[in-house]
Amino acid sequence: MTNTTLMSTYARLPVRFERGAGASLWDSDGKEYLDALAGVAVCGLGHAHPAVTEALCAQAARLVHTSNIYQIPLQEELSAELARVTGMERAFFCNSGAEANEAAIKLARLYGHRRDIKEPAIVVMEGSFHGRTLATLTATGNRKVQAGFEPLVKGFIRVPFNNVAALQTVAENSDKVVAVLVEPVQGEGGIRVPDTDYLAAVRAFCDRQGWLLMLDEVQTGMGRTGRWLAYQHTDIVPDVVTLAKGLGNGVPIGACLARGAAAEVFEPGNHASTFGGNPLACSAALAVLRTIETDGLVARAAALGERLQTGLQARLHDTPGVLAVRGFGLMLAVELDRPCGGLVKTALARGLLLNVTAGKVVRLLPPLIISDAQADRIVDEVSTLVRDFLLQA
């Protein structure tokens, strides 16, 4: 039954989940589902992880919220832990990835104004996704997300993803650019992995131009790619990084991290978030960080990603209609030669949760805690689903 008092912003699937444990969810009829999507990369530790539950219950019994008017020790502890694992220096906490990217955009604009650039511009990528606030949907490189919300926000210059030469063209035609905002791997765009030297080349170009390099790691962060953050697969360090999704394992929290000159841009009154980094959210994020580290889940994500990608490639590489099987850690894609949105419902009926993005890309973002047997089941189920779909389509 559909609740008509809700705004019609989601095309919801006909299932209601009542509980979860690990990589499994159970609906109101008691049917079990294997979650190969993890709340779109949110529940990296799976569902109802004991460490997160314990942290939340203990913190809720003590103190849920205080304003950022006051000092919040848990927030300071979390920022120090994030600095330790990321190499960044300062953190601003908010509630979501869109808010984190909004903070990065504002930071870049202030950075520009303080260099006497009156109308600062940020270079963004075709095929990107940065959120659905007015500024972040403008930064997003998907016309479908923007349609109907014009006029959009000024100050963005779009270039092709994985194309450093395009940055040179921008630099030759604009003296307003202050930053580049880019995803290390485009998630919503179809798990698009750039060339291995791309980020390093963008970093070098930003250094030459005096631009900030800002990485949107909302989907790639928190161990998902086999490193704490995706840029750690390279030798570069960005100026700004945004996190959310897996940071709280389902508890809403986002972060905009910065280092160097970028870390000194914000001053009191420049930016704020009422709920951002409150004690409850920080306690969850600290539990997530400690569990990932204690249980070795960063390395586990790399191993699981390799197992899944190898298995899918072995099953599907010679299947007509399959254009590519690719991945980066636990961000995996099977790209078909035709629209395949119907696969989501078919998989749901078979007890498997997955997603289709960019119209033709089956996207898999399983929790970091899945077993080898669950990984193998995902390979079996997805291979069968894709083959059956292609035979019938």
# chains A, B, ... in the order shown; residues from 1 in each chain; ligands from 1
$ residues_around --residues "Leu37 of chain A" --least-positions-apart "5" --cutoff "7 Å" --atoms "only C-alpha atoms" --output "count of residues only"
6
$ closest_residue --among "A:Val182, A:Ile370, A:Val85, A:Leu110" --to "Thr140 of chain A" --atoms "only C-alpha atoms"
A:Val182
$ residues_around --residues "segment 356-359 of chain A" --least-positions-apart "2" --cutoff "8 Å" --atoms "only C-alpha atoms" --output "list in words"
Glu188, Gly189, Gly190, Arg338, Pro339, Cys340, Gly341, Leu343, Val344, Leu354, Val361, Val362 and Arg363 of chain A
$ select_by_dssp --residues "segment 221-387 of chain A" --states "helix (DSSP H, G or I)" --output "PyMOL selection string"
chain A and resi 230-233+245-247+260-264+279-294+297-316+343-349+372-387
$ residues_around --residues "segment 262-273 of chain A" --least-positions-apart "3" --cutoff "7 Å" --atoms "only C-alpha atoms" --output "list in words"
Glu89, Arg90, Cys94, Leu107, Leu110, Tyr111, Asp239, Val240, Ala258, Arg259 and Gly276 of chain A
$ write_last_selection --atoms "C-alpha atoms" --output "compact mmCIF listing (two decimals), in the first residue's frame"
# COMPACT_ATOMS: atom_id res chain seq x y z
CA GLU A 89 44.09 18.44 8.78
CA ARG A 90 40.65 19.83 9.64
CA CYS A 94 27.31 18.00 8.44
CA LEU A 107 35.08 26.89 0.75
CA LEU A 110 35.82 31.97 -0.29
CA TYR A 111 39.29 30.81 -1.29
CA ASP A 239 43.26 19.90 -0.74
CA VAL A 240 39.65 19.05 0.12
CA ALA A 258 40.73 20.03 4.20
CA ARG A 259 44.45 20.57 4.53
CA GLY A 276 26.24 18.35 11.96
$ atom_distance --atom1 "atom CA of Tyr231 of chain A" --atom2 "atom CA of Thr294 of chain A"
21.8 Å
$ decode --residues "segment 78-187 of chain A" --atoms "C-alpha atoms" --output "short mmCIF file (atom, residue, chain, number, x, y, z; two decimals), in the first residue's frame"
data_model
loop_
_atom_site.label_atom_id
_atom_site.label_comp_id
_atom_site.auth_asym_id
_atom_site.auth_seq_id
_atom_site.Cartn_x
_atom_site.Cartn_y
_atom_site.Cartn_z
CA LEU A 78 36.36 12.00 15.22
CA SER A 79 38.14 14.79 13.33
CA ALA A 80 41.46 13.64 14.79
CA GLU A 81 40.80 10.05 13.73
CA LEU A 82 39.80 11.11 10.22
CA ALA A 83 42.93 13.25 9.99
CA ARG A 84 45.02 10.25 11.02
CA VAL A 85 43.67 7.91 8.37
CA THR A 86 43.31 10.45 5.55
CA GLY A 87 46.24 12.84 5.94
CA MET A 88 43.90 15.81 6.03
CA GLU A 89 44.09 18.44 8.78
CA ARG A 90 40.65 19.83 9.64
CA ALA A 91 37.03 18.71 9.40
CA PHE A 92 33.63 20.34 9.11
CA PHE A 93 30.77 17.99 9.99
CA CYS A 94 27.31 18.00 8.44
CA ASN A 95 24.53 15.50 7.71
CA SER A 96 24.99 14.23 4.16
CA GLY A 97 27.18 14.03 1.08
CA ALA A 98 25.32 16.90 -0.56
CA GLU A 99 25.97 19.07 2.48
CA ALA A 100 29.62 18.08 2.50
CA ASN A 101 29.96 19.02 -1.17
CA GLU A 102 28.05 22.25 -0.56
CA ALA A 103 30.63 23.08 2.11
CA ALA A 104 33.45 22.34 -0.33
CA ILE A 105 31.88 24.60 -2.96
CA LYS A 106 31.52 27.44 -0.46
CA LEU A 107 35.08 26.89 0.75
CA ALA A 108 36.38 27.16 -2.82
CA ARG A 109 34.44 30.36 -3.44
CA LEU A 110 35.82 31.97 -0.29
CA TYR A 111 39.29 30.81 -1.29
CA GLY A 112 38.81 32.58 -4.61
CA HIS A 113 37.41 35.80 -3.18
CA ARG A 114 40.39 36.07 -0.85
CA ARG A 115 42.58 35.93 -3.95
CA ASP A 116 40.55 38.84 -5.40
CA ILE A 117 38.67 36.65 -7.88
CA LYS A 118 35.23 38.28 -7.88
CA GLU A 119 33.30 35.50 -9.63
CA PRO A 120 35.16 32.28 -8.77
CA ALA A 121 34.45 29.21 -10.86
CA ILE A 122 34.84 25.49 -10.13
CA VAL A 123 35.65 22.92 -12.80
CA VAL A 124 33.33 19.88 -12.62
CA MET A 125 32.98 16.73 -14.71
CA GLU A 126 30.49 15.34 -17.21
CA GLY A 127 28.79 12.25 -15.78
CA SER A 128 29.44 13.24 -12.17
CA PHE A 129 27.04 13.23 -9.23
CA HIS A 130 27.49 15.51 -6.23
CA GLY A 131 24.00 15.79 -4.68
CA ARG A 132 20.59 17.36 -5.11
CA THR A 133 20.82 20.73 -3.38
CA LEU A 134 20.70 23.56 -5.88
CA ALA A 135 24.47 24.09 -5.94
CA THR A 136 25.41 20.39 -5.94
CA LEU A 137 22.90 19.45 -8.64
CA THR A 138 24.40 22.25 -10.74
CA ALA A 139 27.83 20.73 -10.16
CA THR A 140 26.43 17.33 -11.12
CA GLY A 141 27.06 16.33 -14.73
CA ASN A 142 23.67 14.80 -15.43
CA ARG A 143 21.05 16.86 -17.27
CA LYS A 144 18.22 14.65 -15.93
CA VAL A 145 19.04 15.70 -12.37
CA GLN A 146 19.05 19.38 -13.32
CA ALA A 147 15.98 19.50 -15.57
CA GLY A 148 13.17 21.63 -14.23
CA PHE A 149 15.22 23.39 -11.59
CA GLU A 150 16.57 26.23 -13.69
CA PRO A 151 17.93 28.80 -13.20
CA LEU A 152 20.95 26.89 -11.99
CA VAL A 153 23.79 28.30 -9.92
CA LYS A 154 26.54 30.19 -11.71
CA GLY A 155 30.21 29.44 -11.29
CA PHE A 156 30.72 25.94 -12.70
CA ILE A 157 32.66 24.95 -15.83
CA ARG A 158 32.05 21.39 -17.05
CA VAL A 159 34.67 19.25 -18.80
CA PRO A 160 34.87 15.58 -19.83
CA PHE A 161 35.87 13.14 -17.09
CA ASN A 162 39.29 11.49 -17.39
CA ASN A 163 40.53 14.20 -19.75
CA VAL A 164 43.38 16.36 -18.46
CA ALA A 165 43.74 18.20 -21.76
CA ALA A 166 40.30 19.71 -21.16
CA LEU A 167 41.66 21.41 -18.05
CA GLN A 168 44.31 23.11 -20.18
CA THR A 169 41.60 24.46 -22.45
CA VAL A 170 39.70 25.85 -19.46
CA ALA A 171 42.83 27.47 -18.05
CA GLU A 172 43.54 29.16 -21.39
CA ASN A 173 40.03 30.62 -21.56
CA SER A 174 39.22 31.58 -17.98
CA ASP A 175 41.04 33.37 -15.18
CA LYS A 176 38.21 32.74 -12.72
CA VAL A 177 38.84 29.10 -11.87
CA VAL A 178 39.71 28.37 -8.24
CA ALA A 179 39.18 24.61 -7.91
CA VAL A 180 38.47 21.27 -9.54
CA LEU A 181 35.77 19.06 -8.00
CA VAL A 182 35.96 15.43 -9.13
CA GLU A 183 35.02 11.92 -8.02
CA PRO A 184 37.98 9.48 -8.03
CA VAL A 185 35.52 6.94 -9.47
CA GLN A 186 32.16 8.05 -10.84
CA GLY A 187 29.56 6.04 -8.96
#
